[in-house]
Amino acid sequence: MDQDTLADLYRRMLRIRRFEEEAARLYTERKIGGFLHLYIGQEAVAVGAVSVLEEKDQMITAYRCHGHYLARGGSARAGMAELLGRETGCSKGRGGSMHFYDASRNFFGGWGIIGAQIPVAAGMAFANIVNETGGVVLCFLGDGAINIGPFHEGLALASLWKLPVVYIIENNYFAMGTPLEKTAATDDLSIRALGYPMARDTVDGHDIFKVRSCILDAVRRARDKRQPTLIEARTYRYRGHSMADPATYRTKADVDEWRSRDPIATLGSKIDSLGLQSIREKIDAEIEAEILDAVTFAEESPMPDPATVGDYVMA
């Protein structure tokens, strides 16, 4: 892998991490209202997956969506402004934390209802066939969504109609505060694919190189053979389910164990070991400046005009 690719992967992951850290700070300062679900710890899944997509490919995800939006090339300024409910946000300040959206980048949300995005992804993939776009859909979901009706509906249609879609379970081992062993009879979540049936795989979601390889195989399978895939990416969120969650259902030792193989620190060390420390330090400085600029931009941006309250509403 060339150094430009390594640097880009590191940059994209670090952008998400620093964005989320600043979002957490703004939340504690009561500048962000509602819920705030952080992606800290899971960055390698979104960045690794997006890195093998083409521009025509599409993404859709659940409400822990900041990382996916940024990984797909979304603006840190527009993302931060959305969190603060400003007119300059990626959803015009109307979506907030759970509903980032940018159709210009083929990023279709940010869905707040558990599992709602799963059959929608099947519909998007079906549209790609009808319109002969050649595009592939990546649909991200949490492990908490695997026991809900839309999960089965979406996968059943994807298999029946041979849709170019890749479903990625981001298994962070907790459905809100409920541990995985209380919601699934097996720790192999990809086994759900056998019931439809479709291709399946399990990957270490903290190893960005393994994520890239795994998702690339699935995307090629979807694009070239019109075969869907269910992938389980085993990862871990360092924060609670949301900023309102103290995460007392797990121990500090558990979190520290996962942090010991943090995907960003691991890749940063790899870059340094290749004699590219100066490049890594330059990226660190650039990302810090970019995120602080995004915060300033968001805080100085205007609120939506009350006269536009009916805009973007379907009746």
# chains A, B, ... in the order shown; residues from 1 in each chain; ligands from 1

call {"tool": "residues_around", "arguments": {"residues": "Tyr312 in chain A", "least_positions_apart": "3", "cutoff": "10 Å", "atoms": "only C-alpha atoms", "output": "list in words"}}
result
Ser91, Lys92, Arg94, Thr308, Val309 and Ala315 of chain A

call {"tool": "residues_around", "arguments": {"residues": "Glu43 in chain A", "least_positions_apart": "4", "cutoff": "12 Å", "atoms": "only C-alpha atoms", "output": "JSON, numbers by chain"}}
result
{"A": [9, 10, 11, 12, 13, 14, 15, 16, 17, 18, 19, 20, 38, 39, 47, 48, 49, 50, 64, 65, 66, 67, 68, 69, 70, 71, 170, 172, 205, 206, 207, 208, 211, 233, 234, 235, 236, 237, 238, 262, 263, 264, 265, 267]}

call {"tool": "closest_atom_pairs", "arguments": {"of": "range 102-136 of chain A", "to": "range 74-82 of chain A", "cutoff": "10 Å", "atoms": "only C-alpha atoms", "output": "Markdown table"}}
result
| residue | atom | partner | partner_atom | distance |
| --- | --- | --- | --- | --- |
| A:Asp102 | CA | A:Gly74 | CA | 7.3 |
| A:Ser104 | CA | A:Gly74 | CA | 9.5 |
| A:Arg105 | CA | A:Gly74 | CA | 7.5 |
| A:Phe107 | CA | A:Gly74 | CA | 8.7 |

call {"tool": "write_last_selection", "arguments": {"atoms": "C-alpha atoms", "output": "compact mmCIF listing (two decimals), in the first residue's frame"}}
result
# COMPACT_ATOMS: atom_id res chain seq x y z
CA ASP A 102 -25.85 14.58 1.88
CA SER A 104 -24.61 15.05 -3.37
CA ARG A 105 -22.20 12.47 -1.93
CA PHE A 107 -24.98 9.56 1.61

call {"tool": "residues_around", "arguments": {"residues": "Gln117 in chain A", "least_positions_apart": "4", "cutoff": "8 Å", "atoms": "only C-alpha atoms", "output": "ChimeraX atom specification"}}
result
/A:60-62,111,121,139

call {"tool": "closest_residue", "arguments": {"among": "A:Ile118, A:Leu180, A:Leu138, A:Met124", "to": "His152 in chain A", "atoms": "only C-alpha atoms"}}
result
A:Ile118

call {"tool": "residues_around", "arguments": {"residues": "range 193-203 of chain A", "least_positions_apart": "5", "cutoff": "12 Å", "atoms": "only C-alpha atoms", "output": "NGL selection string"}}
result
:A and (44-45 or 48-49 or 146 or 151-171 or 187-188 or 208-219 or 221-222 or 225-235)

call {"tool": "write_last_selection", "arguments": {"atoms": "N, CA and C atoms", "output": "short mmCIF file (atom, residue, chain, number, x, y, z; two decimals), in the first residue's frame"}}
result
data_model
loop_
_atom_site.label_atom_id
_atom_site.label_comp_id
_atom_site.auth_asym_id
_atom_site.auth_seq_id
_atom_site.Cartn_x
_atom_site.Cartn_y
_atom_site.Cartn_z
N ALA A 44 -12.55 2.71 12.12
CA ALA A 44 -11.96 1.88 11.06
C ALA A 44 -13.01 1.22 10.20
N VAL A 45 -14.21 0.99 10.74
CA VAL A 45 -15.26 0.32 9.96
C VAL A 45 -15.74 1.23 8.83
N GLY A 48 -12.66 2.30 6.46
CA GLY A 48 -12.20 1.17 5.65
C GLY A 48 -13.20 0.79 4.58
N ALA A 49 -14.48 0.82 4.92
CA ALA A 49 -15.52 0.47 3.95
C ALA A 49 -15.60 1.49 2.83
N ILE A 146 -30.47 -6.64 14.64
CA ILE A 146 -30.57 -7.93 13.96
C ILE A 146 -31.80 -8.74 14.37
N PHE A 151 -34.96 -6.02 9.48
CA PHE A 151 -33.71 -6.73 9.17
C PHE A 151 -34.02 -7.95 8.29
N HIS A 152 -35.00 -8.74 8.71
CA HIS A 152 -35.35 -9.95 7.97
C HIS A 152 -36.00 -9.60 6.63
N GLU A 153 -36.83 -8.58 6.61
CA GLU A 153 -37.48 -8.16 5.37
C GLU A 153 -36.44 -7.71 4.34
N GLY A 154 -35.51 -6.89 4.78
CA GLY A 154 -34.51 -6.35 3.87
C GLY A 154 -33.61 -7.42 3.30
N LEU A 155 -33.13 -8.33 4.16
CA LEU A 155 -32.23 -9.39 3.69
C LEU A 155 -32.97 -10.40 2.82
N ALA A 156 -34.22 -10.65 3.15
CA ALA A 156 -34.99 -11.59 2.32
C ALA A 156 -35.16 -11.06 0.90
N LEU A 157 -35.47 -9.78 0.77
CA LEU A 157 -35.63 -9.17 -0.55
C LEU A 157 -34.30 -9.11 -1.29
N ALA A 158 -33.24 -8.76 -0.55
CA ALA A 158 -31.92 -8.66 -1.18
C ALA A 158 -31.50 -9.98 -1.79
N SER A 159 -31.78 -11.07 -1.10
CA SER A 159 -31.42 -12.39 -1.61
C SER A 159 -32.34 -12.82 -2.75
N LEU A 160 -33.64 -12.60 -2.56
CA LEU A 160 -34.63 -13.02 -3.56
C LEU A 160 -34.41 -12.33 -4.90
N TRP A 161 -34.15 -11.03 -4.84
CA TRP A 161 -34.01 -10.23 -6.07
C TRP A 161 -32.56 -10.07 -6.53
N LYS A 162 -31.63 -10.69 -5.79
CA LYS A 162 -30.20 -10.62 -6.13
C LYS A 162 -29.77 -9.15 -6.28
N LEU A 163 -29.84 -8.45 -5.17
CA LEU A 163 -29.58 -7.01 -5.16
C LEU A 163 -28.13 -6.69 -4.86
N PRO A 164 -27.58 -5.64 -5.47
CA PRO A 164 -26.19 -5.23 -5.22
C PRO A 164 -26.09 -4.39 -3.94
N VAL A 165 -26.18 -5.08 -2.81
CA VAL A 165 -26.15 -4.41 -1.52
C VAL A 165 -25.27 -5.20 -0.56
N VAL A 166 -24.56 -4.46 0.31
CA VAL A 166 -23.72 -5.06 1.34
C VAL A 166 -24.22 -4.56 2.70
N TYR A 167 -24.67 -5.47 3.54
CA TYR A 167 -25.13 -5.12 4.88
C TYR A 167 -23.97 -5.34 5.87
N ILE A 168 -23.68 -4.31 6.65
CA ILE A 168 -22.54 -4.36 7.57
C ILE A 168 -23.04 -4.16 8.99
N ILE A 169 -22.99 -5.22 9.78
CA ILE A 169 -23.36 -5.13 11.19
C ILE A 169 -22.15 -4.60 11.96
N GLU A 170 -22.25 -3.44 12.53
CA GLU A 170 -21.18 -2.91 13.39
C GLU A 170 -21.44 -3.43 14.80
N ASN A 171 -20.89 -4.57 15.08
CA ASN A 171 -21.13 -5.23 16.37
C ASN A 171 -20.21 -4.62 17.43
N ASP A 187 -22.31 -15.92 19.11
CA ASP A 187 -21.49 -14.71 18.94
C ASP A 187 -21.08 -14.51 17.49
N ASP A 188 -21.54 -15.39 16.59
CA ASP A 188 -21.30 -15.23 15.16
C ASP A 188 -22.56 -14.65 14.52
N ILE A 208 -8.12 -1.74 10.06
CA ILE A 208 -8.64 -1.08 8.87
C ILE A 208 -8.23 -1.80 7.58
N PHE A 209 -7.11 -2.49 7.59
CA PHE A 209 -6.67 -3.22 6.40
C PHE A 209 -7.55 -4.44 6.16
N LYS A 210 -7.92 -5.13 7.23
CA LYS A 210 -8.82 -6.28 7.10
C LYS A 210 -10.21 -5.82 6.68
N VAL A 211 -10.65 -4.68 7.20
CA VAL A 211 -11.96 -4.14 6.82
C VAL A 211 -11.97 -3.83 5.33
N ARG A 212 -10.93 -3.16 4.85
CA ARG A 212 -10.84 -2.82 3.42
C ARG A 212 -10.92 -4.08 2.55
N SER A 213 -10.17 -5.09 2.90
CA SER A 213 -10.13 -6.31 2.11
C SER A 213 -11.48 -7.01 2.11
N CYS A 214 -12.09 -7.10 3.27
CA CYS A 214 -13.38 -7.78 3.41
C CYS A 214 -14.47 -7.06 2.62
N ILE A 215 -14.56 -5.75 2.79
CA ILE A 215 -15.61 -4.97 2.11
C ILE A 215 -15.36 -4.95 0.60
N LEU A 216 -14.10 -4.89 0.19
CA LEU A 216 -13.79 -4.90 -1.24
C LEU A 216 -14.31 -6.17 -1.90
N ASP A 217 -14.10 -7.31 -1.25
CA ASP A 217 -14.62 -8.58 -1.80
C ASP A 217 -16.13 -8.52 -1.94
N ALA A 218 -16.80 -7.98 -0.91
CA ALA A 218 -18.26 -7.94 -0.93
C ALA A 218 -18.78 -6.96 -1.99
N VAL A 219 -18.11 -5.82 -2.13
CA VAL A 219 -18.53 -4.84 -3.13
C VAL A 219 -18.35 -5.41 -4.54
N ARG A 221 -18.44 -8.55 -5.33
CA ARG A 221 -19.47 -9.58 -5.47
C ARG A 221 -20.82 -8.95 -5.83
N ALA A 222 -21.12 -7.82 -5.20
CA ALA A 222 -22.38 -7.13 -5.46
C ALA A 222 -22.40 -6.52 -6.85
N LYS A 225 -21.52 -9.67 -9.70
CA LYS A 225 -22.34 -10.89 -9.72
C LYS A 225 -23.76 -10.65 -9.20
N ARG A 226 -24.03 -9.42 -8.77
CA ARG A 226 -25.34 -9.08 -8.18
C ARG A 226 -25.68 -10.05 -7.06
N GLN A 227 -24.73 -10.19 -6.12
CA GLN A 227 -24.94 -11.04 -4.96
C GLN A 227 -24.77 -10.20 -3.69
N PRO A 228 -25.78 -10.18 -2.81
CA PRO A 228 -25.66 -9.43 -1.56
C PRO A 228 -24.78 -10.17 -0.55
N THR A 229 -24.30 -9.43 0.45
CA THR A 229 -23.44 -10.00 1.49
C THR A 229 -23.84 -9.42 2.85
N LEU A 230 -23.78 -10.25 3.87
CA LEU A 230 -23.93 -9.80 5.25
C LEU A 230 -22.59 -9.92 5.95
N ILE A 231 -22.09 -8.82 6.47
CA ILE A 231 -20.78 -8.79 7.14
C ILE A 231 -20.95 -8.36 8.59
N GLU A 232 -20.28 -9.07 9.48
CA GLU A 232 -20.20 -8.65 10.87
C GLU A 232 -18.82 -8.05 11.11
N ALA A 233 -18.79 -6.76 11.45
CA ALA A 233 -17.53 -6.09 11.80
C ALA A 233 -17.49 -5.96 13.32
N ARG A 234 -16.58 -6.66 13.95
CA ARG A 234 -16.50 -6.64 15.41
C ARG A 234 -15.67 -5.43 15.86
N THR A 235 -16.34 -4.56 16.58
CA THR A 235 -15.73 -3.30 16.97
C THR A 235 -16.16 -2.96 18.40
#

call {"tool": "select_by_dssp", "arguments": {"residues": "range 3-246 of chain A", "states": "helix (DSSP H, G or I)", "output": "number ranges by chain"}}
result
A: 3-28, 43-50, 66-71, 76-83, 103-105, 117-130, 143-145, 149-160, 180-182, 189-195, 208-225

call {"tool": "atom_distance", "arguments": {"atom1": "CA of Glu299 in chain A", "atom2": "CA of Gly95 in chain A"}}
result
16.9 Å
